[in-house]
file data.txt (compact mmCIF, C-alpha atoms)
# COMPACT_ATOMS: atom_id res chain seq x y z
CA MET A 1 200.87 105.21 149.29
CA THR A 2 201.47 107.89 151.91
CA ARG A 3 198.27 108.75 153.73
CA LYS A 4 197.28 112.39 153.49
CA LYS A 5 195.47 114.05 156.35
CA HIS A 6 191.89 114.98 155.68
CA ILE A 7 188.63 115.11 157.58
CA SER A 8 186.97 111.86 158.60
CA TYR A 9 183.74 110.57 157.09
CA PRO A 10 181.71 111.46 160.24
CA GLU A 11 183.25 114.95 160.13
CA LEU A 12 182.32 115.28 156.45
CA ILE A 13 178.68 114.42 157.13
CA ALA A 14 178.62 116.56 160.28
CA GLY A 15 179.93 119.46 158.18
CA PHE A 16 176.86 119.38 155.95
CA ARG A 17 174.60 119.21 158.99
CA LYS A 18 176.33 122.13 160.68
CA LYS A 19 175.57 124.17 157.57
CA GLY A 20 171.89 123.33 158.00
CA TYR A 21 171.43 120.55 155.45
CA PHE A 22 169.38 117.44 156.06
CA LEU A 23 170.96 114.27 154.69
CA LYS A 24 168.88 111.18 153.99
CA THR A 25 170.24 107.68 154.42
CA TYR A 26 169.77 105.37 151.45
CA GLY A 27 171.62 102.37 152.88
CA LYS A 28 174.60 101.28 154.91
CA VAL A 29 177.72 99.16 154.59
CA ILE A 30 179.80 97.41 157.22
CA GLU A 31 183.55 97.22 156.69
CA ARG A 32 186.07 95.88 159.20
CA GLY A 33 183.38 95.93 161.87
CA VAL A 34 182.53 99.60 161.29
CA LYS A 35 179.06 100.61 160.10
CA TYR A 36 178.98 103.38 157.52
CA PRO A 37 175.57 104.94 156.78
CA LEU A 38 175.28 106.06 153.15
CA TYR A 39 173.89 109.54 152.64
CA LYS A 40 172.40 111.73 149.95
CA LEU A 41 171.37 115.38 149.97
CA VAL A 42 168.39 116.60 147.94
CA LEU A 43 168.16 120.30 147.14
CA ASN A 44 164.90 121.78 145.82
CA PRO A 45 163.02 118.45 146.00
CA LEU A 46 159.86 119.79 144.32
CA CYS A 47 161.63 120.91 141.15
CA ARG A 48 161.29 118.63 138.12
CA GLN A 49 164.56 119.23 136.26
CA THR A 50 167.36 117.31 137.92
CA LEU A 51 171.13 117.25 138.22
CA ILE A 52 172.72 114.25 139.97
CA ILE A 53 176.15 114.66 141.56
CA THR A 54 178.22 111.68 142.72
CA SER A 55 181.60 111.79 144.40
CA GLY A 56 183.92 109.57 146.40
CA PHE A 57 183.76 106.35 144.40
CA HIS A 58 187.51 106.10 145.07
CA GLY A 59 188.74 106.84 148.56
CA GLU A 60 192.11 108.35 147.69
CA GLU A 61 190.30 111.05 145.70
CA ALA A 62 189.41 112.75 148.96
CA ASN A 63 189.18 116.34 147.75
CA GLY A 64 186.12 115.47 145.68
CA PRO A 65 183.80 114.91 148.66
CA ILE A 66 185.50 117.62 150.71
CA SER A 67 185.12 120.16 147.91
CA LEU A 68 181.36 119.55 147.88
CA LEU A 69 181.22 120.51 151.54
CA GLU A 70 183.20 123.65 150.76
CA ILE A 71 180.84 124.80 148.00
CA ILE A 72 177.47 123.45 149.14
CA ASN A 73 176.03 126.85 150.13
CA ARG A 74 176.74 128.32 146.70
CA VAL A 75 175.34 125.22 144.98
CA ALA A 76 172.18 125.42 147.10
CA ASP A 77 171.67 129.13 146.42
CA PHE A 78 172.27 128.87 142.69
CA SER A 79 170.17 125.74 142.17
CA HIS A 80 167.31 127.38 144.07
CA LYS A 81 167.58 130.47 141.89
CA MET A 82 167.56 128.36 138.71
CA GLN A 83 164.85 126.02 140.03
CA VAL A 84 166.79 122.81 139.42
CA ARG A 85 166.66 119.85 141.77
CA VAL A 86 170.15 118.70 142.76
CA ILE A 87 170.68 115.25 144.23
CA ILE A 88 174.12 114.83 145.79
CA TYR A 89 175.77 111.59 146.85
CA PRO A 90 178.73 113.25 148.59
CA CYS A 91 180.76 110.13 149.40
CA VAL A 92 179.75 106.91 147.65
CA ASN A 93 182.50 104.81 149.24
CA PRO A 94 182.96 105.91 152.87
CA SER A 95 185.20 103.06 154.05
CA ALA A 96 187.67 103.81 151.25
CA PHE A 97 187.50 107.51 152.14
CA ALA A 98 188.24 106.63 155.77
CA LEU A 99 191.18 104.42 154.80
CA TYR A 100 192.44 106.76 152.07
CA ARG A 101 192.60 103.92 149.56
CA ARG A 102 190.95 103.38 146.20
CA TYR A 103 188.55 100.59 147.07
CA ASN A 104 186.51 99.68 150.13
CA GLY A 105 187.74 97.99 153.29
CA SER A 106 187.22 94.57 151.69
CA ASN A 107 189.11 95.70 148.57
CA GLU A 108 186.11 94.97 146.34
CA LYS A 109 187.21 96.47 143.04
CA TRP A 110 185.64 98.01 139.95
CA ASN A 111 182.99 99.89 141.93
CA ASN A 112 182.27 102.37 139.12
CA TYR A 113 181.34 99.83 136.45
CA PHE A 114 177.62 99.69 135.70
CA LEU A 115 177.41 98.56 132.06
CA HIS A 116 178.78 95.82 129.84
CA TYR A 117 178.77 96.04 126.05
CA LYS A 118 178.18 93.18 123.62
CA LEU A 119 180.42 93.27 120.55
CA ALA A 120 179.46 92.02 117.11
CA ASP A 121 181.25 88.71 117.76
CA GLY A 122 179.13 88.08 120.87
CA GLN A 123 181.86 88.97 123.37
CA TRP A 124 180.84 91.07 126.40
CA VAL A 125 183.30 93.79 127.45
CA GLY A 126 183.38 96.50 130.09
CA ILE A 127 185.05 99.21 128.00
CA LEU A 128 184.75 100.00 124.31
CA GLN A 129 187.79 100.91 122.28
CA PRO A 130 187.42 104.50 120.99
CA GLY A 131 184.99 104.35 118.06
CA GLU A 132 184.23 100.64 118.55
CA GLU A 133 180.76 99.46 117.53
CA PHE A 134 178.56 97.37 119.82
CA ALA A 135 175.44 95.26 119.40
CA ALA A 136 173.83 95.67 122.82
CA TYR A 137 174.49 96.70 126.40
CA LYS A 138 173.28 95.53 129.77
CA ILE A 139 173.37 96.82 133.33
CA VAL A 140 175.52 94.62 135.55
CA GLU A 141 175.94 94.06 139.26
CA SER A 142 179.08 95.27 141.01
CA SER A 143 181.08 93.16 143.45
CA ALA A 144 181.45 96.25 145.66
CA LYS A 145 178.83 96.32 148.40
CA GLU A 146 178.54 100.13 148.51
CA VAL A 147 177.27 100.10 144.91
CA TRP A 148 174.20 97.93 145.60
CA PRO A 149 172.25 100.50 147.67
CA LEU A 150 173.47 103.32 145.43
CA LYS A 151 172.10 101.58 142.34
CA ARG A 152 168.76 100.86 144.01
CA ASP A 153 168.40 104.51 145.02
CA ILE A 154 169.77 106.29 141.98
CA PHE A 155 167.62 104.36 139.50
CA GLN A 156 164.63 106.40 140.63
CA TYR A 157 166.32 109.40 138.99
CA ARG A 158 167.13 107.70 135.69
CA THR A 159 165.26 110.44 133.77
CA ALA A 160 167.57 113.14 135.18
CA GLU A 161 168.68 115.78 132.70
CA GLY A 162 172.25 115.81 134.00
CA ILE A 163 174.82 113.86 135.96
CA LEU A 164 178.24 114.99 137.17
CA ASP A 165 180.59 112.37 138.60
CA ILE A 166 183.45 114.03 140.49
CA HIS A 167 186.85 112.33 140.44
CA GLN A 168 190.53 113.02 140.83
CA GLN A 169 193.51 111.65 138.94
CA GLU A 170 196.81 110.65 140.48
CA GLY A 171 199.95 109.75 138.66
CA TYR A 172 199.99 109.83 134.89
CA LEU A 173 198.93 113.42 134.10
CA LYS A 174 201.86 115.22 132.49
CA THR A 175 200.42 118.21 130.66
CA GLY A 176 197.92 119.71 133.09
CA ASP A 177 195.69 119.30 136.14
CA ILE A 178 192.09 119.08 134.83
CA PHE A 179 190.19 117.14 132.17
CA ALA A 180 186.80 115.51 131.73
CA TYR A 181 185.05 112.46 130.28
CA ILE A 182 182.24 113.41 127.90
CA TYR A 183 180.17 111.67 125.22
CA ASP A 184 178.79 114.51 123.10
CA ARG A 185 178.03 118.25 123.25
CA ARG A 186 181.69 119.10 122.82
CA VAL A 187 181.03 122.70 121.75
CA ILE A 188 179.12 123.41 124.95
CA TYR A 189 181.68 121.75 127.20
CA ARG A 190 184.57 123.47 125.42
CA ARG A 191 183.13 126.80 126.57
CA ILE A 192 183.10 125.51 130.15
CA MET A 193 186.71 124.34 129.81
CA LYS A 194 187.73 127.86 128.80
CA LYS A 195 186.38 129.11 132.12
CA LEU A 196 188.14 126.32 134.01
CA ALA A 197 191.44 127.17 132.29
CA LYS A 198 191.53 130.39 134.31
CA ILE A 199 191.79 128.29 137.48
CA ALA A 200 193.93 125.31 136.52
CA LYS A 201 195.88 124.07 133.52
CA ILE A 202 193.98 121.77 131.16
CA ALA A 203 195.63 118.45 130.39
CA ARG A 204 195.93 118.02 126.63
CA ASN A 205 197.06 115.23 124.31
CA ASP A 206 197.96 113.02 127.26
CA LYS A 207 198.02 109.35 126.24
CA THR A 208 197.20 106.46 128.56
CA PHE A 209 195.74 102.97 128.55
CA THR A 210 193.90 100.45 130.66
CA PHE A 211 193.09 96.74 130.45
CA ASP A 212 189.63 95.20 130.24
CA ARG A 213 189.16 91.42 130.01
CA GLY A 214 192.57 90.97 128.45
CA ARG A 215 192.08 93.77 125.95
CA LYS A 216 194.42 96.74 126.05
CA ILE A 217 192.33 99.91 125.72
CA LEU A 218 194.31 102.82 124.28
CA TYR A 219 192.89 106.29 124.71
CA ARG A 220 193.99 109.85 125.32
CA ILE A 221 192.98 113.21 126.65
CA ASP A 222 192.48 115.20 123.45
CA ASN A 223 193.53 118.75 122.67
CA ASP A 224 190.37 120.16 124.28
CA GLY A 225 190.96 118.32 127.57
CA PHE A 226 188.33 115.62 126.96
CA ILE A 227 188.19 111.84 126.86
CA GLY A 228 185.35 110.28 124.90
CA LEU A 229 185.36 106.75 126.25
CA HIS A 230 182.39 104.46 126.81
CA ASP A 231 183.75 102.79 129.91
CA GLY A 232 180.64 101.42 131.60
CA THR A 233 180.76 103.94 134.45
CA ILE A 234 177.78 105.61 136.10
CA THR A 235 177.92 108.54 133.65
CA ASP A 236 178.04 106.14 130.71
CA MET A 237 174.99 104.34 132.11
CA PHE A 238 173.03 107.58 132.46
CA TYR A 239 174.07 108.58 128.96
CA ARG A 240 172.51 105.33 127.72
CA PHE A 241 169.40 106.19 129.73
CA GLY A 242 169.15 109.36 127.62
CA CYS A 243 170.64 111.80 130.12
CA LYS A 244 171.29 115.04 128.24
CA PHE A 245 174.41 116.14 130.11
CA ALA A 246 176.71 113.39 131.41
CA VAL A 247 180.18 114.45 132.57
CA ALA A 248 182.90 112.97 134.76
CA ALA A 249 185.09 115.84 135.97
CA GLU A 250 188.69 115.09 136.89
CA THR A 251 191.20 117.17 138.83
CA ALA A 252 194.73 116.10 139.66
CA THR A 253 195.23 114.99 143.27
CA ARG A 254 198.14 117.42 143.47
CA LEU A 255 195.78 120.35 142.90
CA PRO A 256 195.03 122.31 146.11
CA LEU A 257 191.58 121.88 147.64
CA GLU A 258 190.69 125.52 146.98
CA LYS A 259 191.17 125.07 143.24
CA VAL A 260 189.44 121.68 143.21
CA ALA A 261 186.43 123.34 144.84
CA GLN A 262 186.46 126.15 142.26
CA VAL A 263 186.65 123.72 139.35
CA ASN A 264 183.83 121.55 140.66
CA LEU A 265 181.67 124.57 141.44
CA ILE A 266 181.99 125.83 137.87
CA TRP A 267 181.03 122.43 136.46
CA ILE A 268 178.01 122.27 138.76
CA MET A 269 176.80 125.81 138.09
CA GLU A 270 177.28 125.52 134.34
CA LEU A 271 175.39 122.22 134.20
CA ILE A 272 172.58 123.71 136.29
CA LYS A 273 172.34 126.60 133.83
CA LEU A 274 172.22 124.23 130.87
CA ILE A 275 169.52 122.13 132.49
CA ALA A 276 167.46 125.18 133.42
CA LYS A 277 167.65 126.52 129.87
CA GLY A 278 166.92 123.13 128.33
CA SER A 279 169.98 123.58 126.07
call {"tool": "encode", "arguments": {"input": "data.txt", "output": "structure tokens"}}
result
Amino acid sequence: MTRKKHISYPELIAGFRKKGYFLKTYGKVIERGVKYPLYKLVLNPLCRQTLIITSGFHGEEANGPISLLEIINRVADFSHKMQVRVIIYPCVNPSAFALYRRYNGSNEKWNNYFLHYKLADGQWVGILQPGEEFAAYKIVESSAKEVWPLKRDIFQYRTAEGILDIHQQEGYLKTGDIFAYIYDRRVIYRRIMKKLAKIAKIARNDKTFTFDRGRKILYRIDNDGFIGLHDGTITDMFYRFGCKFAVAAETATRLPLEKVAQVNLIWIMELIKLIAKGS
């Protein structure tokens, strides 16, 4: 993979500070002899209704964290106006961000898997086939060291009304540049997609697959630009916690930063509005 030029992790964090934001450390990781403090930003800490934003699970999806820096002032102003607490983990996996690779410096994989599902036959799996029934689920530990402090910290917000996990997609997208993982509330999210369509083309009816414990999982982006897949990720976990609005927003890595920032800002502002209204 050809490395793209982007700001460093220290520059990313310094960018938030230069804009006047105080970032709290919730842990640290050491990779290849380099210490990476892990940071979160809490806006409107005294407000009760909460939106969690995570980004940077995968280091090659660099425009996710960078877009948050680009739009932070507008997020802060709007969340203050709507009286919603916003908790931002701007770069979950800093060593991967620094190396511009998917996983951390130790190549510890599957860092966005938080749940396993038990099927009727007793088998535990990480991803359900679309429409597949399950008997139980459990929270699991990740082999990736950056996930351990994140999980310890983020569990205190398990009653949050919303979570947005920001990602990017490289490679297989053929029909557009944006889509999202959702679990319900399709009518509401379809209205948001119509706004996003003015910025970037929605991927539709794009088929793909993945493997989980020897099982081939077939799924697709549907005609509305959504994937409804229980894949054990952080949004899936919060959905099981009862989180009202759980979305993973995806933009193609080929999309310019300016448009990535616009897409992510719309998702954030629309989710804040939904949370504030109690929709």
call {"tool": "closest_residue", "arguments": {"input": "data.txt", "among": "A:Lys145, A:Lys207, A:Lys273, A:His58", "to": "Lys28 in chain A", "atoms": "all atoms listed in the file"}}
result
A:Lys145
call {"tool": "closest_residue", "arguments": {"input": "data.txt", "among": "A:Pro149, A:Ser106, A:Val86, A:His6", "to": "Leu41 in chain A", "atoms": "only C-alpha atoms"}}
result
A:Val86
call {"tool": "closest_atom_pairs", "arguments": {"input": "data.txt", "of": "range 36-149 of chain A", "to": "range 257-265 of chain A", "cutoff": "7 Å", "atoms": "only C-alpha atoms", "output": "Markdown table"}}
result
| residue | atom | partner | partner_atom | distance |
| --- | --- | --- | --- | --- |
| A:Asn63 | CA | A:Leu257 | CA | 6.0 |
| A:Ser67 | CA | A:Ala261 | CA | 4.6 |
| A:Glu70 | CA | A:Ala261 | CA | 6.8 |
| A:Ile71 | CA | A:Ala261 | CA | 6.6 |
call {"tool": "closest_residue", "arguments": {"input": "data.txt", "among": "A:Met237, A:Val247, A:Leu274, A:Ile227", "to": "Pro130 in chain A", "atoms": "all atoms listed in the file"}}
result
A:Ile227
call {"tool": "residues_near_point", "arguments": {"input": "data.txt", "point": "(198.4, 101.8, 126.8)", "cutoff": "6 Å", "atoms": "only C-alpha atoms", "output": "tab-separated table (two decimals) with C-alpha atoms, in the frame of the given file"}}
result
chain	number	residue	atom	x	y	z
A	208	THR	CA	197.20	106.46	128.56
A	209	PHE	CA	195.74	102.97	128.55
A	218	LEU	CA	194.31	102.82	124.28
call {"tool": "closest_atom_pairs", "arguments": {"input": "data.txt", "of": "range 195-252 of chain A", "to": "range 152-172 of chain A", "cutoff": "7 Å", "atoms": "all atoms listed in the file", "output": "Markdown table"}}
result
| residue | atom | partner | partner_atom | distance |
| --- | --- | --- | --- | --- |
| A:Thr235 | CA | A:Ile163 | CA | 6.6 |
| A:Phe238 | CA | A:Arg158 | CA | 6.7 |
| A:Phe241 | CA | A:Arg158 | CA | 6.6 |
| A:Cys243 | CA | A:Glu161 | CA | 5.1 |
| A:Lys244 | CA | A:Glu161 | CA | 5.2 |
| A:Phe245 | CA | A:Gly162 | CA | 4.5 |
| A:Ala246 | CA | A:Ile163 | CA | 4.9 |
| A:Val247 | CA | A:Leu164 | CA | 5.0 |
| A:Ala248 | CA | A:Asp165 | CA | 4.5 |
| A:Ala249 | CA | A:Ile166 | CA | 5.1 |
| A:Glu250 | CA | A:Gln168 | CA | 4.8 |
| A:Thr251 | CA | A:Gln168 | CA | 4.7 |
| A:Ala252 | CA | A:Gln169 | CA | 4.7 |
call {"tool": "residues_around", "arguments": {"input": "data.txt", "residues": "range 12-27 of chain A", "least_positions_apart": "2", "cutoff": "6 Å", "atoms": "only C-alpha atoms", "output": "PyMOL selection string"}}
result
chain A and resi 9-10+38-41+149
